[in-house]
Every structure is written in C-alpha cells, then in structure tokens.
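One file, query-v4.csv, carrying CSV, C-alpha atoms and all ligand atoms:
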chain,number,residue,atom,x,y,z
A,1,MET,CA,-20.3,2.8,-9.4
A,2,THR,CA,-17.1,1.1,-10.7
A,3,ILE,CA,-14.3,3.6,-11.2
A,4,VAL,CA,-11.6,1.3,-12.4
A,5,GLU,CA,-11.9,-2.2,-13.8
A,6,THR,CA,-9.2,-4.4,-15.2
A,7,GLN,CA,-10.1,-7.7,-16.8
A,8,ASN,CA,-7.6,-10.4,-17.2
A,9,LEU,CA,-4.6,-8.1,-17.8
A,10,VAL,CA,-1.5,-9.9,-19.0
A,11,LYS,CA,1.8,-8.1,-19.3
A,12,ARG,CA,5.0,-9.8,-20.3
A,13,TYR,CA,8.5,-8.4,-20.3
A,14,GLY,CA,10.2,-11.0,-22.5
A,15,ASP,CA,9.8,-14.3,-20.8
A,16,LEU,CA,8.7,-12.8,-17.5
A,17,VAL,CA,5.0,-12.6,-16.9
A,18,ALA,CA,4.6,-9.5,-14.8
A,19,LEU,CA,0.8,-9.5,-14.8
A,20,ASP,CA,-0.9,-12.8,-15.0
A,21,HIS,CA,-4.6,-12.3,-15.8
A,22,LEU,CA,-5.0,-9.6,-13.2
A,23,SER,CA,-8.6,-8.5,-12.6
A,24,LEU,CA,-9.3,-5.6,-10.3
A,25,GLU,CA,-12.4,-3.6,-9.5
A,26,VAL,CA,-12.2,-0.3,-7.7
A,27,LYS,CA,-15.5,1.2,-6.6
A,28,GLU,CA,-16.4,4.8,-6.1
A,29,GLY,CA,-15.3,6.2,-2.7
A,30,GLU,CA,-12.8,3.5,-1.9
A,31,ILE,CA,-9.3,3.8,-0.7
A,32,PHE,CA,-8.2,0.8,-2.7
A,33,GLY,CA,-4.9,-0.7,-1.4
A,34,LEU,CA,-2.8,-2.7,-3.8
A,35,LEU,CA,-0.5,-4.6,-1.6
A,36,GLY,CA,2.3,-6.9,-2.6
A,37,PRO,CA,6.0,-7.6,-2.2
A,38,ASN,CA,8.7,-5.9,-4.3
A,39,GLY,CA,8.4,-7.1,-7.9
A,40,SER,CA,4.8,-8.4,-7.5
A,41,GLY,CA,3.5,-6.2,-10.3
A,42,LYS,CA,2.1,-3.1,-8.5
A,43,SER,CA,3.7,-0.5,-10.6
A,44,THR,CA,3.2,-2.5,-13.8
A,45,SER,CA,-0.5,-2.7,-13.1
A,46,LEU,CA,-0.8,1.0,-12.5
A,47,ASN,CA,1.1,1.8,-15.6
A,48,CYS,CA,-1.1,-0.5,-17.6
A,49,ILE,CA,-4.3,1.1,-16.0
A,50,LEU,CA,-3.0,4.5,-17.0
A,51,SER,CA,-2.1,3.5,-20.6
A,52,LEU,CA,1.5,4.4,-19.9
A,53,LEU,CA,2.4,0.9,-20.8
A,54,SER,CA,0.9,-1.4,-23.4
A,55,PHE,CA,-0.2,-4.9,-22.4
A,56,ASP,CA,-0.5,-8.2,-24.1
A,57,LYS,CA,-4.0,-9.1,-23.2
A,58,GLY,CA,-7.1,-7.9,-21.3
A,59,GLU,CA,-9.0,-4.6,-20.9
A,60,VAL,CA,-8.9,-1.5,-18.7
A,61,LYS,CA,-12.0,0.6,-18.1
A,62,ILE,CA,-12.0,3.9,-16.1
A,63,PHE,CA,-15.2,5.7,-15.3
A,64,GLY,CA,-17.0,3.0,-17.4
A,65,LYS,CA,-15.0,3.8,-20.6
A,66,THR,CA,-12.2,1.9,-22.2
A,67,MET,CA,-8.9,3.5,-21.3
A,68,LYS,CA,-6.6,4.4,-24.2
A,69,PRO,CA,-3.4,6.5,-24.5
A,70,ASP,CA,-5.5,9.4,-26.1
A,71,ALA,CA,-8.5,9.2,-23.7
A,72,TYR,CA,-8.0,12.8,-22.5
A,73,SER,CA,-11.4,13.2,-21.0
A,74,ILE,CA,-10.6,10.3,-18.7
A,75,LYS,CA,-7.1,11.5,-17.9
A,76,ARG,CA,-8.4,15.0,-16.9
A,77,ASN,CA,-10.1,13.4,-14.0
A,78,ILE,CA,-7.1,11.4,-12.8
A,79,GLY,CA,-4.3,12.5,-10.4
A,80,ILE,CA,-1.1,10.6,-10.5
A,81,VAL,CA,1.6,10.5,-7.8
A,82,MET,CA,4.4,8.2,-9.0
A,83,GLN,CA,7.1,6.5,-7.0
A,84,ASN,CA,9.8,8.7,-8.3
A,85,VAL,CA,9.5,12.4,-7.6
A,86,ALA,CA,8.9,14.1,-10.9
A,87,VAL,CA,9.2,17.9,-10.6
A,88,PHE,CA,11.2,20.6,-12.4
A,89,ASP,CA,14.3,21.8,-10.6
A,90,GLU,CA,14.1,25.2,-12.4
A,91,LEU,CA,10.7,26.0,-11.0
A,92,THR,CA,9.7,26.9,-7.4
A,93,VAL,CA,7.2,24.9,-5.3
A,94,TYR,CA,4.4,27.3,-6.4
A,95,GLU,CA,5.5,27.3,-10.1
A,96,ASN,CA,5.8,23.5,-10.2
A,97,ILE,CA,2.2,23.0,-8.9
A,98,ASP,CA,0.9,25.7,-11.2
A,99,TYR,CA,2.6,24.0,-14.1
A,100,PHE,CA,1.0,20.6,-13.5
A,101,CYS,CA,-2.3,22.2,-12.7
A,102,SER,CA,-2.2,24.2,-16.0
A,103,LEU,CA,-2.2,20.9,-18.0
A,104,TYR,CA,-5.8,20.5,-16.8
A,105,VAL,CA,-7.1,23.9,-15.8
A,106,PRO,CA,-6.4,26.7,-18.3
A,107,ASP,CA,-8.2,29.5,-16.4
A,108,LYS,CA,-5.5,31.4,-14.4
A,109,LYS,CA,-7.8,32.7,-11.6
A,110,GLN,CA,-9.3,29.3,-11.0
A,111,ARG,CA,-5.9,27.8,-11.1
A,112,LYS,CA,-4.4,30.2,-8.5
A,113,GLN,CA,-7.1,29.1,-6.1
A,114,LEU,CA,-6.5,25.4,-6.7
A,115,VAL,CA,-2.7,25.8,-6.4
A,116,ASP,CA,-3.1,27.7,-3.1
A,117,GLU,CA,-5.4,25.0,-1.8
A,118,ALA,CA,-2.9,22.3,-2.8
A,119,ILE,CA,-0.1,24.2,-1.1
A,120,ASP,CA,-2.2,24.5,2.1
A,121,PHE,CA,-3.2,20.8,1.8
A,122,VAL,CA,0.4,19.5,1.9
A,123,GLU,CA,1.4,22.3,4.3
A,124,LEU,CA,4.1,23.8,2.1
A,125,GLY,CA,3.0,27.4,2.6
A,126,GLU,CA,6.4,28.5,4.0
A,127,PHE,CA,8.2,26.8,1.1
A,128,ARG,CA,6.2,28.2,-1.8
A,129,LYS,CA,9.2,30.1,-3.2
A,130,PHE,CA,11.7,27.3,-2.6
A,131,TYR,CA,13.3,25.4,-5.4
A,132,PRO,CA,13.1,21.6,-5.2
A,133,LYS,CA,16.8,21.2,-4.5
A,134,LYS,CA,16.4,23.1,-1.2
A,135,LEU,CA,13.6,20.7,0.0
A,136,SER,CA,14.2,17.6,2.2
A,137,GLY,CA,13.0,14.2,0.9
A,138,GLY,CA,9.8,14.3,2.8
A,139,LEU,CA,8.9,17.9,1.6
A,140,LEU,CA,9.8,16.8,-2.0
A,141,ARG,CA,7.3,14.0,-1.7
A,142,ARG,CA,4.7,16.4,-0.5
A,143,LEU,CA,5.4,18.7,-3.4
A,144,ASN,CA,5.1,15.7,-5.7
A,145,ILE,CA,1.7,14.9,-4.2
A,146,ALA,CA,0.5,18.6,-4.6
A,147,CYS,CA,1.5,18.5,-8.3
A,148,GLY,CA,-0.6,15.3,-8.8
A,149,ILE,CA,-3.8,16.5,-7.0
A,150,ALA,CA,-4.0,20.3,-7.5
A,151,HIS,CA,-6.6,19.9,-10.2
A,152,GLN,CA,-8.9,18.0,-7.8
A,153,PRO,CA,-9.3,14.8,-9.8
A,154,LYS,CA,-12.0,12.2,-9.0
A,155,LEU,CA,-9.5,9.4,-9.1
A,156,ILE,CA,-6.1,9.7,-7.4
A,157,ILE,CA,-3.4,7.0,-8.0
A,158,LEU,CA,-0.5,6.9,-5.6
A,159,ASP,CA,2.4,4.5,-6.2
A,160,GLU,CA,4.3,4.0,-2.9
A,161,PRO,CA,4.3,7.6,-1.9
A,162,THR,CA,5.9,7.1,1.4
A,163,VAL,CA,9.0,5.1,0.4
A,164,ALA,CA,12.1,6.6,2.1
A,165,VAL,CA,10.3,9.4,3.9
A,166,ASP,CA,10.7,10.5,7.5
A,167,PRO,CA,7.9,9.4,10.0
A,168,GLN,CA,6.5,13.0,10.3
A,169,SER,CA,6.1,13.4,6.5
A,170,ARG,CA,4.7,9.8,6.3
A,171,ASN,CA,2.0,10.6,8.8
A,172,LYS,CA,1.2,13.8,7.0
A,173,ILE,CA,0.9,12.0,3.7
A,174,LEU,CA,-1.3,9.3,5.2
A,175,GLU,CA,-3.6,11.8,6.9
A,176,GLY,CA,-3.7,13.8,3.6
A,177,ILE,CA,-4.9,10.7,1.7
A,178,LYS,CA,-7.6,10.2,4.3
A,179,GLN,CA,-8.7,13.8,3.9
A,180,LEU,CA,-8.8,13.5,0.0
A,181,HIS,CA,-11.0,10.5,0.5
A,182,LYS,CA,-13.3,12.4,2.8
A,183,GLN,CA,-13.5,15.1,0.2
A,184,GLY,CA,-14.9,12.5,-2.2
A,185,ALA,CA,-11.9,11.2,-4.2
A,186,THR,CA,-11.5,7.5,-5.0
A,187,ILE,CA,-8.0,6.5,-4.3
A,188,ILE,CA,-5.7,3.7,-5.5
A,189,TYR,CA,-2.8,3.2,-3.2
A,190,THR,CA,0.1,0.8,-3.7
A,191,SER,CA,2.5,-0.2,-1.0
A,192,HIS,CA,4.5,-3.0,0.3
A,193,TYR,CA,4.0,-1.6,3.8
A,194,MET,CA,1.2,-3.6,5.2
A,195,GLU,CA,0.8,-1.3,8.3
A,196,GLU,CA,0.0,1.6,6.0
A,197,VAL,CA,-2.5,-0.3,4.0
A,198,GLU,CA,-4.2,-1.6,7.2
A,199,GLN,CA,-4.3,2.0,8.5
A,200,ILE,CA,-6.0,3.7,5.5
A,201,CYS,CA,-7.4,1.3,3.0
A,202,THR,CA,-11.1,0.5,2.9
A,203,GLN,CA,-10.6,-2.3,0.4
A,204,ILE,CA,-7.4,-4.4,-0.1
A,205,VAL,CA,-6.1,-6.6,-2.9
A,206,ILE,CA,-3.0,-8.6,-2.2
A,207,ILE,CA,-1.0,-9.5,-5.3
A,208,ASP,CA,1.9,-11.8,-5.8
A,209,LYS,CA,3.7,-12.6,-9.1
A,210,GLY,CA,1.1,-10.5,-11.0
A,211,ARG,CA,-1.8,-12.5,-9.7
A,212,VAL,CA,-4.5,-11.6,-7.1
A,213,ILE,CA,-4.1,-13.9,-4.2
A,214,ALA,CA,-6.6,-12.4,-1.8
A,215,SER,CA,-9.0,-9.5,-1.7
A,216,GLY,CA,-11.5,-7.9,0.8
A,217,THR,CA,-11.6,-5.5,3.7
A,218,LYS,CA,-8.8,-6.0,6.2
A,219,GLU,CA,-11.3,-7.8,8.5
A,220,GLU,CA,-12.4,-10.1,5.7
A,221,LEU,CA,-8.8,-10.9,4.8
A,222,LYS,CA,-7.9,-11.8,8.3
A,223,ALA,CA,-11.0,-13.9,8.6
A,224,MET,CA,-9.7,-16.0,5.7
A,225,ILE,CA,-6.9,-17.5,7.6
A,226,SER,CA,-7.0,-20.1,10.4
A,227,MET,CA,-4.8,-18.1,12.7
A,228,GLY,CA,-6.5,-15.8,15.2
A,229,GLU,CA,-3.8,-15.1,17.8
A,230,LYS,CA,-0.1,-14.6,17.8
A,231,ILE,CA,1.8,-14.7,21.1
A,232,THR,CA,5.4,-13.7,21.3
A,233,VAL,CA,7.7,-14.4,24.2
A,234,GLU,CA,11.3,-13.0,24.4
A,235,THR,CA,13.4,-15.7,26.1
A,236,PHE,CA,17.0,-16.8,26.0
A,237,SER,CA,16.4,-20.6,25.9
A,238,ILE,CA,13.7,-23.2,25.7
A,239,SER,CA,14.1,-27.0,25.5
A,240,SER,CA,12.5,-29.2,22.9
A,241,ASP,CA,10.4,-30.9,25.6
A,242,GLN,CA,9.0,-27.5,26.6
A,243,MET,CA,8.3,-26.7,22.9
A,244,THR,CA,6.4,-29.9,22.6
A,245,ALA,CA,4.3,-29.1,25.7
A,246,LEU,CA,3.5,-25.6,24.3
A,247,ARG,CA,2.4,-27.1,21.0
A,248,ARG,CA,-0.1,-29.2,23.0
A,249,LEU,CA,-1.9,-26.1,24.3
A,250,PRO,CA,-5.5,-25.8,22.9
A,251,GLY,CA,-5.8,-24.5,19.4
A,252,VAL,CA,-2.0,-24.1,18.8
A,253,ILE,CA,-1.2,-24.1,15.1
A,254,THR,CA,2.6,-23.6,15.3
A,255,ALA,CA,5.1,-22.8,18.0
A,256,GLU,CA,8.5,-21.7,16.6
A,257,TYR,CA,11.6,-20.5,18.5
A,258,ALA,CA,14.3,-18.4,16.7
A,259,ASP,CA,16.5,-15.4,17.5
A,260,GLU,CA,15.5,-15.5,21.2
A,261,ARG,CA,11.8,-15.2,20.3
A,262,LEU,CA,9.2,-17.8,20.8
A,263,VAL,CA,6.1,-17.3,18.5
A,264,ILE,CA,3.0,-19.3,19.2
A,265,LYS,CA,0.2,-19.0,16.6
A,266,SER,CA,-3.2,-20.2,17.6
A,267,GLU,CA,-6.6,-20.7,15.9
A,268,LYS,CA,-9.4,-18.2,16.0
A,269,GLU,CA,-11.2,-17.6,19.3
A,270,THR,CA,-8.3,-19.1,21.2
A,271,ASN,CA,-6.9,-17.2,24.1
A,272,ASN,CA,-3.6,-18.8,25.2
A,273,LEU,CA,-1.9,-15.8,26.8
A,274,ALA,CA,-2.7,-16.7,30.4
A,275,ALA,CA,-1.8,-20.4,29.8
A,276,VAL,CA,1.6,-19.5,28.2
A,277,LEU,CA,2.4,-17.1,31.1
A,278,ASP,CA,1.5,-19.9,33.6
A,279,PHE,CA,3.7,-22.3,31.7
A,280,PHE,CA,6.7,-20.0,31.8
A,281,LYS,CA,6.2,-19.5,35.6
A,282,ASN,CA,5.7,-23.1,36.4
A,283,GLU,CA,8.7,-24.2,34.4
A,284,SER,CA,10.8,-21.3,35.9
A,285,ILE,CA,11.9,-20.0,32.5
A,286,THR,CA,13.2,-16.5,32.5
A,287,PHE,CA,11.6,-14.3,29.9
A,288,GLY,CA,11.5,-10.6,28.9
A,289,ARG,CA,8.4,-9.2,27.1
A,290,ILE,CA,5.4,-11.4,26.4
A,291,TYR,CA,2.6,-10.1,24.2
A,292,SER,CA,-0.4,-11.2,22.2
A,293,GLU,CA,-1.3,-9.8,18.8
A,294,LEU,CA,-4.1,-10.1,16.3
A,295,PRO,CA,-3.0,-11.4,12.8
A,296,THR,CA,-1.6,-8.8,10.4
A,297,LEU,CA,-1.9,-8.7,6.7
A,298,ASN,CA,1.6,-10.2,6.6
A,299,ASP,CA,0.2,-13.2,8.4
A,300,VAL,CA,-2.5,-13.4,5.7
A,301,PHE,CA,0.2,-13.3,3.0
A,302,LEU,CA,2.3,-15.8,4.9
A,303,GLU,CA,-0.5,-18.3,5.3
A,304,ILE,CA,-1.5,-18.1,1.7
A,305,THR,CA,1.9,-18.0,0.0
A,306,GLY,CA,4.2,-19.5,2.7
A,307,LYS,CA,6.5,-16.4,2.5
A,308,GLN,CA,6.8,-13.0,4.1
A,309,LEU,CA,5.4,-9.9,2.4
A,310,ARG,CA,8.8,-8.2,3.0
A,311,ASP,CA,11.6,-10.6,2.2
B,401,LIG,N1,10.9,-2.6,-17.9
B,401,LIG,C1,11.0,-3.8,-17.4
B,401,LIG,N2,11.7,-4.7,-18.1
B,401,LIG,C2,11.8,-6.0,-17.6
B,401,LIG,N3,11.2,-6.4,-16.4
B,401,LIG,C3,10.6,-5.5,-15.7
B,401,LIG,C4,10.4,-4.2,-16.1
B,401,LIG,N4,9.7,-3.5,-15.2
B,401,LIG,C5,9.4,-4.4,-14.3
B,401,LIG,N5,9.9,-5.6,-14.5
B,401,LIG,C6,9.7,-6.8,-13.7
B,401,LIG,O1,8.4,-7.1,-13.6
B,401,LIG,C7,8.0,-7.5,-12.3
B,401,LIG,C8,7.0,-6.6,-11.7
B,401,LIG,O2,7.6,-5.3,-11.4
B,401,LIG,P1,6.9,-4.1,-10.8
B,401,LIG,O3,7.8,-2.9,-10.8
B,401,LIG,O4,5.6,-3.9,-11.5
B,401,LIG,O5,6.6,-4.6,-9.3
B,401,LIG,P2,6.3,-3.8,-8.0
B,401,LIG,O6,5.3,-4.6,-7.3
B,401,LIG,O7,5.8,-2.4,-8.4
B,401,LIG,O8,7.7,-3.7,-7.3
B,401,LIG,P3,8.3,-2.5,-6.4
B,401,LIG,O9,7.6,-2.6,-5.1
B,401,LIG,O10,9.7,-3.0,-6.3
B,401,LIG,O11,8.1,-1.3,-7.2
B,401,LIG,C9,9.3,-7.6,-11.6
B,401,LIG,O12,9.8,-8.9,-11.7
B,401,LIG,C10,10.2,-6.7,-12.3
B,401,LIG,O13,11.6,-7.0,-12.2
Whole structure, structure tokens version:
Amino acid sequence: MTIVETQNLVKRYGDLVALDHLSLEVKEGEIFGLLGPNGSGKSTSLNCILSLLSFDKGEVKIFGKTMKPDAYSIKRNIGIVMQNVAVFDELTVYENIDYFCSLYVPDKKQRKQLVDEAIDFVELGEFRKFYPKKLSGGLLRRLNIACGIAHQPKLIILDEPTVAVDPQSRNKILEGIKQLHKQGATIIYTSHYMEEVEQICTQIVIIDKGRVIASGTKEELKAMISMGEKITVETFSISSDQMTALRRLPGVITAEYADERLVIKSEKETNNLAAVLDFFKNESITFGRIYSELPTLNDVFLEITGKQLRD
C-alpha cells in the first residue's frame, strides 16, 4: 500500500524553483530516506506533503486521500518531528508530551499510558519533571521526538532529527527510529548525513535542486555507478610518473592525490588493494594507512552530479 505519494510537485519562492516536478512514493513499512545537500528541498517537500506550505503545481496523497490543510482524519495518523525543537518552556517534559498527545487523544486514561510509553521510549524517565531549559540539546531532541510520536501515528515524519546532537543521543534516536519501524510505523526521514541514511533507511531517494536524481535501496543506488572500490593511501609525496603508472592498473577510473591522500577509484569487481600495496613497496614510497572501501552514497551523488553531498 502506498502511504504517501507526491506527483510532479512544483514549489517556487519567487524566482527560485525549490521543488521541480518532484514525484515520490512511500510504501507502507518503509523507512524512506530523503537525502540531499543543504538547500536541495527536503524541508520544503515535507512542508508541502503536510500542507503546511502551499505549492504551485502537483498533488499530494496520504493514505490514498488527497492531503489538504483541513484533512484532520489524515493528520491524526501522522507524527511530525521537525528540525527545530518546538516545545513549551512553561511545561515539564511530561506536560509537554501530554499536551501534544491531547491534540489527538482526548481520553485522559488512555493518554497517560501513551505518554508514559513515549517517555520510556525516548528514555526520559528521570527527567519527566524537568523543564526544557534544564535539558541538554540531545535530551531536548528526544523530548521533541516523544511529543511527535506519543499518539502512535501510522506515519512518522522526521526532518533532520539528529542535527547538532551528541553521538550518544544520535545513536539513541537512530535506534528509536528502527524500533518504531519494527512496531509497524512507516517513516520518512530527511537528512544530509549519508551514513545515517545508509544505516537505517530501507528505501532512499536522493534529491538535488528540488529534483529526484536517484532512488532505490542503498544496494541498488550503489549498483547504478561505475565505481566498485575506493582505495585510500596516506602518503607524503608521489610523482606524476608514479600517478600515471597507478592509473594504468586494471579497472582504475580515477587516481587523484590531494592533501597527502591518494584516492584510487576502480570499477566494480576490481580488487586493486594488493597491487597498490606492491606498487608502494616496489617504488619504496613511504606511506601511512592504506585501506579499501565500498562506494558510499556520497560516491553515488558525486558520480551523478559531479559534486559532494556535503559541500
Ligand atoms: N521561505 C523561503 N523563502 C525563500 N527561499 C526559501 C525559503 N525556504 C527555503 N528556501 C530556499 O529553497 C531551497 C530549498 O530549501 P529547503 O529548506 O527545502 O532545503 P533543505 O534540503 O531542507 O535544506 P537544509 O538541509 O538546509 O534544511 C533553498 O534554496 C532555500 O534557500
């Protein structure tokens, strides 16, 4: 079943085209990763999906129905965790979650159970009587998440929930998302951190300048590009003749040297690590670490657009 569908969404801010015929399809049970560099249109697309922002062209359907600002039956089944923490300073952790949950769940007894479950879920039990001002950035994010998910929605939308959080809270947030997914929620997750998207998303769409540039599972995305292996060698110097020799190794696509790092990218099913190691030994070139990696989503982005995901 399709949970969210956007067809040819166009959103302009004056002359700037923020969404350029953006079509997305999120199926039930997916952790759908919307990955793109800063300014690529991730937040704009979420705001259009949620009818928080009007758009110039296109259509949004959620749970098979057209999404509109007053589509309350749809909204009741959506949980939103936005980039900026939005909680009330005057309310405690418990009261904040209870307030947001009360917008969807009027029954007090039922709500108490949901709020308690949300507090346990984000592990804020010992902070339930704290006011937001007393919480660290990571704990605040977790409170923000609890406020968005306490009513146990079918669809959860998280817009860069890990920006500027400490590694411990980041891991807790990512583990929490996986758990919500296991419990049956469909999740839309935006990020410009490709490692996170690789780690948790079952389906990924990469956008740039408001357009979809690639989509699929992480394996499918990596299979789209010609590169299959990236070898990095930390070395102080290498001559242009030596670079030419390295470029002649089988299957080498590029070999570049910058900032005391040599990076050799080779085609799929090439294994040049042993050959590169032999070359450095035979040429008596001193080197530090040498390692081989599989392509990342950044390499996918780089090969398709010619630029880094994180500029
Ligand atoms: N209210 C606005 N008025 C004018 N331009 C805007 C507005 N909001 C966003 N933009 C522009 O639209 C484009 C898309 O922005 P958007 O915030 O959707 O990108 P993003 O991928 O979410 O970026 P980030 O990761 O920085 O949040 C950017 O060029 C941005 O500068």
> Which residues sit within 12 Å of ligand LIG 401 (chain B), counting all atoms listed in the file, listed as a PyMOL selection string?
Replying inline: chain A and resi 10-20+34-49+52-54+82-84+158-163+189-193+206-211+309-311
>> Neighbouring residues of region 89-97 of chain A were defined as those with any atom within 7 Å, considering only C-alpha atoms; residues of the same chain fewer than 6 positions away were excluded. Please report them as a PyMOL selection string.
In response: chain A and resi 115+127-133+143+146-147+150
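Between CA of Gln7 (chain A) and CA of Ile213 (chain A) the interatomic distance comes to 15.3 Å.
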> Which distance in Å separates CA of Val60 (chain A) and CA of Ile31 (chain A), to one decimal?
Replying inline: 18.8 Å
>> As an exercise, work out the distance from CA of Asn8 (chain A) to CA of Ser215 (chain A) in Å and give it to one decimal place.
In response: 15.6 Å
Model the absent atoms of region 26-48 of chain A so that N, CA and C atoms are present, and write the result as a PDB file, keeping the file's coordinate frame.
ATOM      1  N   VAL A  26     -12.287  -1.347  -8.740  1.00  0.00           N
ATOM      2  CA  VAL A  26     -12.200  -0.300  -7.700  1.00  0.00           C
ATOM      3  C   VAL A  26     -13.541   0.475  -7.779  1.00  0.00           C
ATOM      4  N   LYS A  27     -14.226   0.499  -6.644  1.00  0.00           N
ATOM      5  CA  LYS A  27     -15.500   1.200  -6.600  1.00  0.00           C
ATOM      6  C   LYS A  27     -15.401   2.614  -6.135  1.00  0.00           C
ATOM      7  N   GLU A  28     -16.378   3.429  -6.489  1.00  0.00           N
ATOM      8  CA  GLU A  28     -16.400   4.800  -6.100  1.00  0.00           C
ATOM      9  C   GLU A  28     -16.283   4.984  -4.578  1.00  0.00           C
ATOM     10  N   GLY A  29     -15.413   5.893  -4.141  1.00  0.00           N
ATOM     11  CA  GLY A  29     -15.300   6.200  -2.700  1.00  0.00           C
ATOM     12  C   GLY A  29     -14.409   5.263  -1.933  1.00  0.00           C
ATOM     13  N   GLU A  30     -13.742   4.364  -2.618  1.00  0.00           N
ATOM     14  CA  GLU A  30     -12.800   3.500  -1.900  1.00  0.00           C
ATOM     15  C   GLU A  30     -11.435   4.068  -1.765  1.00  0.00           C
ATOM     16  N   ILE A  31     -10.737   3.678  -0.696  1.00  0.00           N
ATOM     17  CA  ILE A  31      -9.300   3.800  -0.700  1.00  0.00           C
ATOM     18  C   ILE A  31      -8.838   2.366  -0.960  1.00  0.00           C
ATOM     19  N   PHE A  32      -8.447   2.137  -2.187  1.00  0.00           N
ATOM     20  CA  PHE A  32      -8.200   0.800  -2.700  1.00  0.00           C
ATOM     21  C   PHE A  32      -6.692   0.481  -2.526  1.00  0.00           C
ATOM     22  N   GLY A  33      -6.350  -0.434  -1.675  1.00  0.00           N
ATOM     23  CA  GLY A  33      -4.900  -0.700  -1.400  1.00  0.00           C
ATOM     24  C   GLY A  33      -4.474  -1.907  -2.275  1.00  0.00           C
ATOM     25  N   LEU A  34      -3.423  -1.668  -3.058  1.00  0.00           N
ATOM     26  CA  LEU A  34      -2.800  -2.700  -3.800  1.00  0.00           C
ATOM     27  C   LEU A  34      -1.532  -3.109  -3.116  1.00  0.00           C
ATOM     28  N   LEU A  35      -1.565  -4.243  -2.443  1.00  0.00           N
ATOM     29  CA  LEU A  35      -0.500  -4.600  -1.600  1.00  0.00           C
ATOM     30  C   LEU A  35       0.258  -5.839  -2.139  1.00  0.00           C
ATOM     31  N   GLY A  36       1.570  -5.778  -2.151  1.00  0.00           N
ATOM     32  CA  GLY A  36       2.300  -6.900  -2.600  1.00  0.00           C
ATOM     33  C   GLY A  36       3.794  -6.710  -2.419  1.00  0.00           C
ATOM     34  N   PRO A  37       4.580  -7.778  -2.369  1.00  0.00           N
ATOM     35  CA  PRO A  37       6.000  -7.600  -2.200  1.00  0.00           C
ATOM     36  C   PRO A  37       6.694  -6.917  -3.339  1.00  0.00           C
ATOM     37  N   ASN A  38       7.939  -6.532  -3.173  1.00  0.00           N
ATOM     38  CA  ASN A  38       8.700  -5.900  -4.300  1.00  0.00           C
ATOM     39  C   ASN A  38       8.649  -6.855  -5.480  1.00  0.00           C
ATOM     40  N   GLY A  39       8.367  -6.268  -6.631  1.00  0.00           N
ATOM     41  CA  GLY A  39       8.400  -7.100  -7.900  1.00  0.00           C
ATOM     42  C   GLY A  39       7.111  -7.848  -8.110  1.00  0.00           C
ATOM     43  N   SER A  40       6.064  -7.620  -7.321  1.00  0.00           N
ATOM     44  CA  SER A  40       4.800  -8.400  -7.500  1.00  0.00           C
ATOM     45  C   SER A  40       3.981  -7.907  -8.654  1.00  0.00           C
ATOM     46  N   GLY A  41       4.282  -6.676  -9.132  1.00  0.00           N
ATOM     47  CA  GLY A  41       3.500  -6.200 -10.300  1.00  0.00           C
ATOM     48  C   GLY A  41       2.680  -4.942 -10.016  1.00  0.00           C
ATOM     49  N   LYS A  42       2.919  -4.288  -8.884  1.00  0.00           N
ATOM     50  CA  LYS A  42       2.100  -3.100  -8.500  1.00  0.00           C
ATOM     51  C   LYS A  42       2.253  -1.985  -9.516  1.00  0.00           C
ATOM     52  N   SER A  43       3.507  -1.578  -9.728  1.00  0.00           N
ATOM     53  CA  SER A  43       3.700  -0.500 -10.600  1.00  0.00           C
ATOM     54  C   SER A  43       3.322  -0.816 -12.067  1.00  0.00           C
ATOM     55  N   THR A  44       3.614  -2.031 -12.478  1.00  0.00           N
ATOM     56  CA  THR A  44       3.200  -2.500 -13.800  1.00  0.00           C
ATOM     57  C   THR A  44       1.711  -2.351 -13.990  1.00  0.00           C
ATOM     58  N   SER A  45       0.953  -2.787 -12.979  1.00  0.00           N
ATOM     59  CA  SER A  45      -0.500  -2.700 -13.100  1.00  0.00           C
ATOM     60  C   SER A  45      -0.968  -1.274 -13.215  1.00  0.00           C
ATOM     61  N   LEU A  46      -0.390  -0.389 -12.399  1.00  0.00           N
ATOM     62  CA  LEU A  46      -0.800   1.000 -12.500  1.00  0.00           C
ATOM     63  C   LEU A  46      -0.451   1.601 -13.848  1.00  0.00           C
ATOM     64  N   ASN A  47       0.744   1.294 -14.329  1.00  0.00           N
ATOM     65  CA  ASN A  47       1.100   1.800 -15.600  1.00  0.00           C
ATOM     66  C   ASN A  47       0.244   1.320 -16.767  1.00  0.00           C
ATOM     67  N   CYS A  48      -0.206   0.077 -16.639  1.00  0.00           N
ATOM     68  CA  CYS A  48      -1.100  -0.500 -17.600  1.00  0.00           C
ATOM     69  C   CYS A  48      -2.504   0.220 -17.506  1.00  0.00           C
TER      70      CYS A  48
END
